[in-house]
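Listing of entry_24.tsv; format and content: TSV, N, CA and C atoms.
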chain	number	residue	atom	x	y	z
A	1	MET	N	-29.42	-12.44	-41.76
A	1	MET	CA	-28.12	-11.94	-41.37
A	1	MET	C	-27.38	-11.43	-42.61
A	2	VAL	N	-26.78	-10.28	-42.49
A	2	VAL	CA	-26.00	-9.69	-43.58
A	2	VAL	C	-24.64	-10.37	-43.64
A	3	ARG	N	-24.29	-10.89	-44.84
A	3	ARG	CA	-22.99	-11.54	-45.01
A	3	ARG	C	-22.04	-10.71	-45.84
A	4	GLY	N	-22.59	-9.77	-46.61
A	4	GLY	CA	-21.74	-8.95	-47.46
A	4	GLY	C	-22.41	-7.63	-47.79
A	5	ILE	N	-21.60	-6.65	-48.10
A	5	ILE	CA	-22.09	-5.31	-48.47
A	5	ILE	C	-21.28	-4.82	-49.65
A	6	ILE	N	-21.97	-4.25	-50.64
A	6	ILE	CA	-21.31	-3.65	-51.79
A	6	ILE	C	-21.36	-2.14	-51.63
A	7	PHE	N	-20.21	-1.51	-51.66
A	7	PHE	CA	-20.10	-0.07	-51.52
A	7	PHE	C	-19.82	0.58	-52.86
A	8	ASP	N	-20.48	1.69	-53.12
A	8	ASP	CA	-20.11	2.54	-54.24
A	8	ASP	C	-18.90	3.34	-53.78
A	9	LEU	N	-18.12	3.80	-54.72
A	9	LEU	CA	-16.90	4.52	-54.36
A	9	LEU	C	-17.15	6.03	-54.23
A	10	ASP	N	-17.43	6.69	-55.34
A	10	ASP	CA	-17.59	8.15	-55.34
A	10	ASP	C	-18.89	8.56	-54.66
A	11	GLY	N	-18.74	9.41	-53.65
A	11	GLY	CA	-19.90	9.93	-52.94
A	11	GLY	C	-20.33	9.09	-51.76
A	12	VAL	N	-19.83	7.86	-51.67
A	12	VAL	CA	-20.15	6.99	-50.53
A	12	VAL	C	-18.91	6.81	-49.65
A	13	LEU	N	-17.81	6.43	-50.28
A	13	LEU	CA	-16.55	6.29	-49.54
A	13	LEU	C	-15.59	7.44	-49.81
A	14	LEU	N	-15.72	8.02	-50.97
A	14	LEU	CA	-14.76	9.01	-51.44
A	14	LEU	C	-15.46	10.32	-51.79
A	15	ASN	N	-14.95	11.42	-51.26
A	15	ASN	CA	-15.47	12.73	-51.61
A	15	ASN	C	-14.66	13.25	-52.80
A	16	SER	N	-15.15	12.94	-53.99
A	16	SER	CA	-14.44	13.31	-55.21
A	16	SER	C	-15.11	14.47	-55.94
A	17	GLU	N	-16.25	14.94	-55.43
A	17	GLU	CA	-16.98	16.00	-56.13
A	17	GLU	C	-16.18	17.29	-56.29
A	18	PRO	N	-15.45	17.77	-55.28
A	18	PRO	CA	-14.67	18.99	-55.50
A	18	PRO	C	-13.68	18.85	-56.66
A	19	ALA	N	-13.02	17.69	-56.77
A	19	ALA	CA	-12.09	17.47	-57.87
A	19	ALA	C	-12.84	17.34	-59.19
A	20	ASN	N	-13.99	16.70	-59.16
A	20	ASN	CA	-14.80	16.55	-60.37
A	20	ASN	C	-15.24	17.91	-60.91
A	21	ILE	N	-15.71	18.76	-60.02
A	21	ILE	CA	-16.16	20.10	-60.42
A	21	ILE	C	-14.98	20.94	-60.92
A	22	ALA	N	-13.86	20.90	-60.18
A	22	ALA	CA	-12.69	21.67	-60.59
A	22	ALA	C	-12.16	21.19	-61.94
A	23	ALA	N	-12.20	19.89	-62.19
A	23	ALA	CA	-11.75	19.36	-63.47
A	23	ALA	C	-12.66	19.83	-64.61
A	24	GLY	N	-13.96	19.86	-64.36
A	24	GLY	CA	-14.90	20.36	-65.37
A	24	GLY	C	-14.64	21.83	-65.67
A	25	GLN	N	-14.46	22.62	-64.63
A	25	GLN	CA	-14.17	24.04	-64.82
A	25	GLN	C	-12.89	24.23	-65.63
A	26	SER	N	-11.86	23.48	-65.27
A	26	SER	CA	-10.58	23.58	-65.94
A	26	SER	C	-10.68	23.17	-67.41
A	27	ALA	N	-11.41	22.10	-67.68
A	27	ALA	CA	-11.54	21.60	-69.05
A	27	ALA	C	-12.24	22.62	-69.94
A	28	PHE	N	-13.32	23.20	-69.47
A	28	PHE	CA	-14.03	24.19	-70.29
A	28	PHE	C	-13.21	25.47	-70.42
A	29	ALA	N	-12.45	25.82	-69.39
A	29	ALA	CA	-11.61	27.02	-69.45
A	29	ALA	C	-10.56	26.91	-70.55
A	30	VAL	N	-10.07	25.70	-70.79
A	30	VAL	CA	-9.10	25.48	-71.87
A	30	VAL	C	-9.68	25.96	-73.20
A	31	PHE	N	-10.99	25.84	-73.36
A	31	PHE	CA	-11.66	26.23	-74.60
A	31	PHE	C	-12.31	27.61	-74.51
A	32	GLY	N	-11.99	28.34	-73.43
A	32	GLY	CA	-12.45	29.71	-73.31
A	32	GLY	C	-13.86	29.87	-72.77
A	33	TYR	N	-14.40	28.83	-72.14
A	33	TYR	CA	-15.75	28.92	-71.59
A	33	TYR	C	-15.71	28.81	-70.08
A	34	THR	N	-16.44	29.70	-69.40
A	34	THR	CA	-16.55	29.67	-67.94
A	34	THR	C	-17.91	29.07	-67.58
A	35	LEU	N	-17.88	28.04	-66.75
A	35	LEU	CA	-19.12	27.39	-66.35
A	35	LEU	C	-19.99	28.33	-65.53
A	36	SER	N	-21.28	28.34	-65.84
A	36	SER	CA	-22.24	29.13	-65.07
A	36	SER	C	-22.69	28.33	-63.85
A	37	GLU	N	-23.44	28.98	-62.99
A	37	GLU	CA	-23.98	28.29	-61.82
A	37	GLU	C	-24.91	27.15	-62.26
A	38	ASN	N	-25.68	27.37	-63.31
A	38	ASN	CA	-26.55	26.31	-63.82
A	38	ASN	C	-25.74	25.15	-64.38
A	39	ASP	N	-24.61	25.44	-65.01
A	39	ASP	CA	-23.73	24.38	-65.51
A	39	ASP	C	-23.21	23.54	-64.35
A	40	HIS	N	-22.84	24.21	-63.28
A	40	HIS	CA	-22.31	23.51	-62.10
A	40	HIS	C	-23.30	22.49	-61.57
A	41	LYS	N	-24.58	22.78	-61.66
A	41	LYS	CA	-25.60	21.88	-61.13
A	41	LYS	C	-25.66	20.56	-61.89
A	42	LEU	N	-25.12	20.53	-63.09
A	42	LEU	CA	-25.13	19.31	-63.89
A	42	LEU	C	-24.01	18.34	-63.52
A	43	ILE	N	-23.03	18.79	-62.75
A	43	ILE	CA	-21.83	17.98	-62.51
A	43	ILE	C	-21.97	16.98	-61.36
A	44	PRO	N	-22.45	17.37	-60.17
A	44	PRO	CA	-22.43	16.42	-59.04
A	44	PRO	C	-23.13	15.10	-59.35
A	45	GLY	N	-22.43	14.02	-59.00
A	45	GLY	CA	-22.99	12.68	-59.16
A	45	GLY	C	-22.93	12.14	-60.58
A	46	ARG	N	-22.31	12.88	-61.48
A	46	ARG	CA	-22.26	12.44	-62.87
A	46	ARG	C	-20.82	12.32	-63.36
A	47	HIS	N	-20.64	11.44	-64.28
A	47	HIS	CA	-19.34	11.26	-64.94
A	47	HIS	C	-19.19	12.34	-66.00
A	48	SER	N	-17.97	12.70	-66.30
A	48	SER	CA	-17.72	13.76	-67.29
A	48	SER	C	-18.30	13.41	-68.67
A	49	THR	N	-18.36	12.13	-68.99
A	49	THR	CA	-18.94	11.73	-70.29
A	49	THR	C	-20.44	11.97	-70.34
A	50	ASP	N	-21.05	12.22	-69.18
A	50	ASP	CA	-22.48	12.56	-69.11
A	50	ASP	C	-22.72	14.07	-69.04
A	51	TYR	N	-21.97	14.74	-68.15
A	51	TYR	CA	-22.28	16.16	-67.96
A	51	TYR	C	-21.67	17.06	-69.03
A	52	ILE	N	-20.54	16.71	-69.60
A	52	ILE	CA	-19.92	17.57	-70.61
A	52	ILE	C	-20.82	17.71	-71.85
A	53	PRO	N	-21.32	16.62	-72.42
A	53	PRO	CA	-22.24	16.78	-73.55
A	53	PRO	C	-23.49	17.60	-73.19
A	54	ALA	N	-23.98	17.42	-71.96
A	54	ALA	CA	-25.16	18.17	-71.53
A	54	ALA	C	-24.87	19.67	-71.47
A	55	ILE	N	-23.71	20.04	-70.95
A	55	ILE	CA	-23.34	21.46	-70.87
A	55	ILE	C	-23.14	22.03	-72.28
A	56	ILE	N	-22.48	21.29	-73.13
A	56	ILE	CA	-22.25	21.74	-74.50
A	56	ILE	C	-23.57	21.96	-75.22
A	57	GLU	N	-24.49	21.01	-75.07
A	57	GLU	CA	-25.80	21.12	-75.73
A	57	GLU	C	-26.62	22.26	-75.15
A	58	ARG	N	-26.68	22.34	-73.82
A	58	ARG	CA	-27.48	23.37	-73.15
A	58	ARG	C	-27.07	24.77	-73.57
A	59	ASN	N	-25.76	24.97	-73.77
A	59	ASN	CA	-25.24	26.30	-74.06
A	59	ASN	C	-24.93	26.51	-75.54
A	60	ASN	N	-25.31	25.53	-76.36
A	60	ASN	CA	-25.12	25.60	-77.81
A	60	ASN	C	-23.66	25.95	-78.16
A	61	LEU	N	-22.75	25.22	-77.49
A	61	LEU	CA	-21.32	25.45	-77.71
A	61	LEU	C	-20.84	24.60	-78.88
A	62	SER	N	-19.82	25.06	-79.56
A	62	SER	CA	-19.33	24.34	-80.73
A	62	SER	C	-18.06	23.54	-80.43
A	63	PHE	N	-17.82	23.25	-79.16
A	63	PHE	CA	-16.64	22.50	-78.76
A	63	PHE	C	-16.82	21.02	-79.06
A	64	SER	N	-15.71	20.36	-79.34
A	64	SER	CA	-15.72	18.92	-79.50
A	64	SER	C	-15.89	18.26	-78.13
A	65	GLN	N	-16.93	17.46	-77.97
A	65	GLN	CA	-17.16	16.78	-76.71
A	65	GLN	C	-15.95	15.94	-76.31
A	66	ASN	N	-15.39	15.23	-77.28
A	66	ASN	CA	-14.26	14.36	-76.97
A	66	ASN	C	-13.04	15.15	-76.49
A	67	GLN	N	-12.82	16.32	-77.07
A	67	GLN	CA	-11.68	17.13	-76.64
A	67	GLN	C	-11.89	17.69	-75.23
A	68	VAL	N	-13.10	18.11	-74.93
A	68	VAL	CA	-13.39	18.63	-73.58
A	68	VAL	C	-13.30	17.50	-72.56
A	69	ILE	N	-13.83	16.33	-72.92
A	69	ILE	CA	-13.76	15.17	-72.02
A	69	ILE	C	-12.30	14.79	-71.77
A	70	ALA	N	-11.48	14.78	-72.81
A	70	ALA	CA	-10.06	14.45	-72.64
A	70	ALA	C	-9.37	15.46	-71.73
A	71	ALA	N	-9.67	16.75	-71.91
A	71	ALA	CA	-9.09	17.79	-71.06
A	71	ALA	C	-9.56	17.61	-69.61
A	72	CYS	N	-10.80	17.23	-69.45
A	72	CYS	CA	-11.36	17.01	-68.11
A	72	CYS	C	-10.67	15.84	-67.43
A	73	HIS	N	-10.49	14.74	-68.15
A	73	HIS	CA	-9.82	13.57	-67.56
A	73	HIS	C	-8.39	13.90	-67.15
A	74	GLN	N	-7.71	14.65	-67.99
A	74	GLN	CA	-6.34	15.04	-67.68
A	74	GLN	C	-6.30	15.91	-66.42
A	75	SER	N	-7.21	16.85	-66.34
A	75	SER	CA	-7.27	17.73	-65.18
A	75	SER	C	-7.63	16.94	-63.92
A	76	TYR	N	-8.60	16.03	-64.04
A	76	TYR	CA	-9.04	15.24	-62.89
A	76	TYR	C	-7.89	14.41	-62.34
A	77	GLN	N	-7.10	13.82	-63.23
A	77	GLN	CA	-5.95	13.02	-62.78
A	77	GLN	C	-4.98	13.88	-61.98
A	78	ALA	N	-4.75	15.09	-62.43
A	78	ALA	CA	-3.84	15.99	-61.74
A	78	ALA	C	-4.40	16.45	-60.39
A	79	LEU	N	-5.70	16.64	-60.32
A	79	LEU	CA	-6.33	17.15	-59.10
A	79	LEU	C	-6.63	16.06	-58.07
A	80	TRP	N	-6.75	14.84	-58.53
A	80	TRP	CA	-7.22	13.74	-57.68
A	80	TRP	C	-6.41	13.62	-56.40
A	81	GLU	N	-5.11	13.56	-56.53
A	81	GLU	CA	-4.25	13.30	-55.37
A	81	GLU	C	-4.39	14.37	-54.28
A	82	LYS	N	-4.53	15.63	-54.68
A	82	LYS	CA	-4.58	16.68	-53.66
A	82	LYS	C	-5.99	17.05	-53.21
A	83	MET	N	-7.02	16.69	-53.96
A	83	MET	CA	-8.36	17.14	-53.60
A	83	MET	C	-9.30	16.05	-53.08
A	84	VAL	N	-9.07	14.81	-53.46
A	84	VAL	CA	-9.99	13.74	-53.10
A	84	VAL	C	-9.70	13.26	-51.68
A	85	THR	N	-10.76	13.16	-50.88
A	85	THR	CA	-10.64	12.72	-49.49
A	85	THR	C	-11.69	11.64	-49.19
A	86	LEU	N	-11.49	10.96	-48.08
A	86	LEU	CA	-12.49	9.99	-47.63
A	86	LEU	C	-13.70	10.73	-47.07
A	87	ILE	N	-14.86	10.13	-47.26
A	87	ILE	CA	-16.07	10.64	-46.61
A	87	ILE	C	-15.88	10.40	-45.11
A	88	PRO	N	-16.23	11.38	-44.27
A	88	PRO	CA	-16.08	11.18	-42.83
A	88	PRO	C	-16.80	9.91	-42.36
A	89	GLY	N	-16.09	9.12	-41.59
A	89	GLY	CA	-16.64	7.88	-41.04
A	89	GLY	C	-16.45	6.66	-41.93
A	90	ALA	N	-15.97	6.85	-43.15
A	90	ALA	CA	-15.82	5.72	-44.08
A	90	ALA	C	-14.83	4.69	-43.55
A	91	ARG	N	-13.68	5.14	-43.12
A	91	ARG	CA	-12.64	4.22	-42.64
A	91	ARG	C	-13.14	3.41	-41.44
A	92	GLU	N	-13.78	4.08	-40.50
A	92	GLU	CA	-14.28	3.42	-39.30
A	92	GLU	C	-15.38	2.41	-39.65
A	93	THR	N	-16.26	2.79	-40.55
A	93	THR	CA	-17.35	1.91	-40.95
A	93	THR	C	-16.80	0.64	-41.59
A	94	LEU	N	-15.88	0.79	-42.52
A	94	LEU	CA	-15.29	-0.37	-43.19
A	94	LEU	C	-14.55	-1.25	-42.19
A	95	SER	N	-13.82	-0.64	-41.29
A	95	SER	CA	-13.07	-1.40	-40.28
A	95	SER	C	-14.03	-2.20	-39.38
A	96	ASN	N	-15.08	-1.57	-38.92
A	96	ASN	CA	-16.05	-2.25	-38.06
A	96	ASN	C	-16.72	-3.41	-38.77
A	97	LEU	N	-17.10	-3.21	-40.01
A	97	LEU	CA	-17.75	-4.28	-40.77
A	97	LEU	C	-16.79	-5.44	-41.01
A	98	LYS	N	-15.55	-5.11	-41.34
A	98	LYS	CA	-14.53	-6.13	-41.59
A	98	LYS	C	-14.28	-6.96	-40.32
A	99	GLN	N	-14.24	-6.28	-39.16
A	99	GLN	CA	-14.03	-6.97	-37.88
A	99	GLN	C	-15.17	-7.93	-37.56
A	100	LYS	N	-16.37	-7.62	-38.07
A	100	LYS	CA	-17.54	-8.48	-37.84
A	100	LYS	C	-17.61	-9.63	-38.84
A	101	GLY	N	-16.62	-9.69	-39.74
A	101	GLY	CA	-16.58	-10.78	-40.70
A	101	GLY	C	-17.47	-10.59	-41.91
A	102	ILE	N	-17.95	-9.38	-42.13
A	102	ILE	CA	-18.79	-9.09	-43.29
A	102	ILE	C	-17.90	-8.89	-44.51
A	103	VAL	N	-18.26	-9.58	-45.60
A	103	VAL	CA	-17.51	-9.46	-46.85
A	103	VAL	C	-17.84	-8.11	-47.48
A	104	LEU	N	-16.80	-7.38	-47.88
A	104	LEU	CA	-16.99	-6.06	-48.46
A	104	LEU	C	-16.57	-6.07	-49.93
A	105	ALA	N	-17.39	-5.45	-50.77
A	105	ALA	CA	-17.10	-5.35	-52.20
A	105	ALA	C	-17.23	-3.89	-52.62
A	106	LEU	N	-16.59	-3.58	-53.72
A	106	LEU	CA	-16.58	-2.21	-54.23
A	106	LEU	C	-17.15	-2.20	-55.64
A	107	ALA	N	-18.12	-1.33	-55.87
A	107	ALA	CA	-18.72	-1.15	-57.20
A	107	ALA	C	-18.54	0.31	-57.59
A	108	THR	N	-18.10	0.54	-58.82
A	108	THR	CA	-17.88	1.92	-59.26
A	108	THR	C	-17.82	1.99	-60.78
A	109	SER	N	-18.15	3.15	-61.30
A	109	SER	CA	-17.96	3.38	-62.74
A	109	SER	C	-16.59	4.01	-63.00
A	110	SER	N	-15.84	4.28	-61.94
A	110	SER	CA	-14.49	4.82	-62.09
A	110	SER	C	-13.60	3.76	-62.74
A	111	ASP	N	-12.60	4.21	-63.50
A	111	ASP	CA	-11.74	3.23	-64.16
A	111	ASP	C	-10.78	2.58	-63.16
A	112	ASN	N	-10.18	1.49	-63.59
A	112	ASN	CA	-9.32	0.69	-62.71
A	112	ASN	C	-8.15	1.47	-62.13
A	113	ASN	N	-7.62	2.43	-62.89
A	113	ASN	CA	-6.50	3.22	-62.37
A	113	ASN	C	-6.90	4.01	-61.13
A	114	PHE	N	-8.11	4.59	-61.15
A	114	PHE	CA	-8.55	5.37	-59.99
A	114	PHE	C	-8.89	4.46	-58.81
A	115	VAL	N	-9.41	3.28	-59.10
A	115	VAL	CA	-9.70	2.33	-58.02
A	115	VAL	C	-8.38	1.92	-57.37
A	116	ALA	N	-7.39	1.61	-58.17
A	116	ALA	CA	-6.08	1.23	-57.62
A	116	ALA	C	-5.47	2.37	-56.81
A	117	ARG	N	-5.60	3.60	-57.30
A	117	ARG	CA	-5.08	4.77	-56.56
A	117	ARG	C	-5.81	4.93	-55.23
A	118	PHE	N	-7.13	4.74	-55.25
A	118	PHE	CA	-7.93	4.81	-54.02
A	118	PHE	C	-7.45	3.78	-53.01
A	119	LEU	N	-7.34	2.53	-53.44
A	119	LEU	CA	-6.94	1.44	-52.55
A	119	LEU	C	-5.55	1.71	-51.95
A	120	GLU	N	-4.64	2.20	-52.78
A	120	GLU	CA	-3.28	2.48	-52.33
A	120	GLU	C	-3.23	3.69	-51.40
A	121	LYS	N	-3.82	4.80	-51.84
A	121	LYS	CA	-3.73	6.05	-51.08
A	121	LYS	C	-4.31	5.91	-49.66
A	122	PHE	N	-5.45	5.20	-49.56
A	122	PHE	CA	-6.13	5.13	-48.27
A	122	PHE	C	-5.90	3.81	-47.53
A	123	GLY	N	-5.04	2.95	-48.09
A	123	GLY	CA	-4.68	1.72	-47.39
A	123	GLY	C	-5.77	0.67	-47.33
A	124	PHE	N	-6.54	0.54	-48.40
A	124	PHE	CA	-7.65	-0.41	-48.41
A	124	PHE	C	-7.40	-1.63	-49.31
A	125	LYS	N	-6.14	-1.92	-49.61
A	125	LYS	CA	-5.84	-3.03	-50.53
A	125	LYS	C	-6.44	-4.36	-50.07
A	126	ASP	N	-6.47	-4.60	-48.76
A	126	ASP	CA	-6.97	-5.87	-48.24
A	126	ASP	C	-8.39	-5.78	-47.70
A	127	THR	N	-9.07	-4.67	-47.97
A	127	THR	CA	-10.40	-4.46	-47.41
A	127	THR	C	-11.50	-5.07	-48.26
A	128	PHE	N	-11.35	-5.00	-49.57
A	128	PHE	CA	-12.41	-5.44	-50.47
A	128	PHE	C	-12.04	-6.73	-51.17

Render the structure in this file as structure tokens.
Amino acid sequence: MVRGIIFDLDGVLLNSEPANIAAGQSAFAVFGYTLSENDHKLIPGRHSTDYIPAIIERNNLSFSQNQVIAACHQSYQALWEKMVTLIPGARETLSNLKQKGIVLALATSSDNNFVARFLEKFGFKDTF
């Protein structure tokens, strides 16, 4: 019998990829670089600290990784509220599991500020 389930946040409960991609585009644009279609393929499912160095290396760019990452984080924070949505069916799934008495936990590489924003925005403070 299942007594508990651990959920990942991004891509499982939260559709954050559009904001992640837009933040990457915005960050590189600050430095005068437009992401190519191949660059875009490096972003989904990855944190900016992973894909930004890969894009810089792949394209032999002379940008500071830390500066691009900082610009990306700033852009992501601004985009998060208007672009991030729940994955369809996430709310219903969590509600059904909670009603059955299953303990729910959240695992993510997102920082605590984004987790708190997620819990507040979507009303999940008492869910996990």

What's the 12 Å shell around range 123-127 of chain A, counting only C-alpha atoms, without same-chain residues fewer than 5 positions away, as a PyMOL selection string? chain A and resi 5-7+13+86+90-99+101-106+115-118

Mind the document's chain letters and residue numbers, and return as a PyMOL selection string the residues of range 5-124 of chain A that DSSP labels strand (DSSP E). chain A and resi 5-8+14-15+85-86+103-107

Please, what distance in Å, to one decimal, runs between atom C of Gly32 in chain A and atom N of Thr49 in chain A?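 Separation of atom C of Gly32 in chain A and atom N of Thr49 in chain A: 18.7 Å.
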
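When only C-alpha atoms are used to compute distances to Phe63 in chain A, the closest of the residues A:Val2, A:Val12, A:Val30, A:Ile21 turns out to be A:Val30.
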
At a cut-off of 8 Å, using all atoms listed in the file, what residues contact Ala54 in chain A? Leave out same-chain residues fewer than 6 positions from it and give the result as an MDAnalysis selection string. chainID A and resid 39 42 48 60

Under the rule that only C-alpha atoms are counted, which of A:Ala107, A:Ala19, A:Leu14, A:Leu61 is the nearest residue to Ile43 in chain A? A:Ala19

Write out as number ranges by chain all residues of chain A that DSSP puts in alpha helix (DSSP H) for this structure's backbone. A: 17-30, 37-40, 48-58, 65-83, 90-99, 112-122

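Straight-line separation from CA of Asn38 in chain A to CA of Pro88 in chain A: 27.9 Å.
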
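One distance worth recording is that between CA of Ile56 in chain A and CA of Val68 in chain A, which is 9.4 Å.
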
Best match for closeness to Phe28 in chain A among A:Ile69, A:Pro53, A:Ser16, A:Met1, counting all atoms listed in the file: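 Residue with the minimum atom-to-atom distance to Phe28 in chain A: A:Ile69.
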
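Proximity to Glu81 in chain A at 9 Å, evaluated using only C-alpha atoms and with sequence-adjacent residues fewer than 4 positions away removed, yields Gln77, Thr85, Arg117 and Lys121 of chain A.
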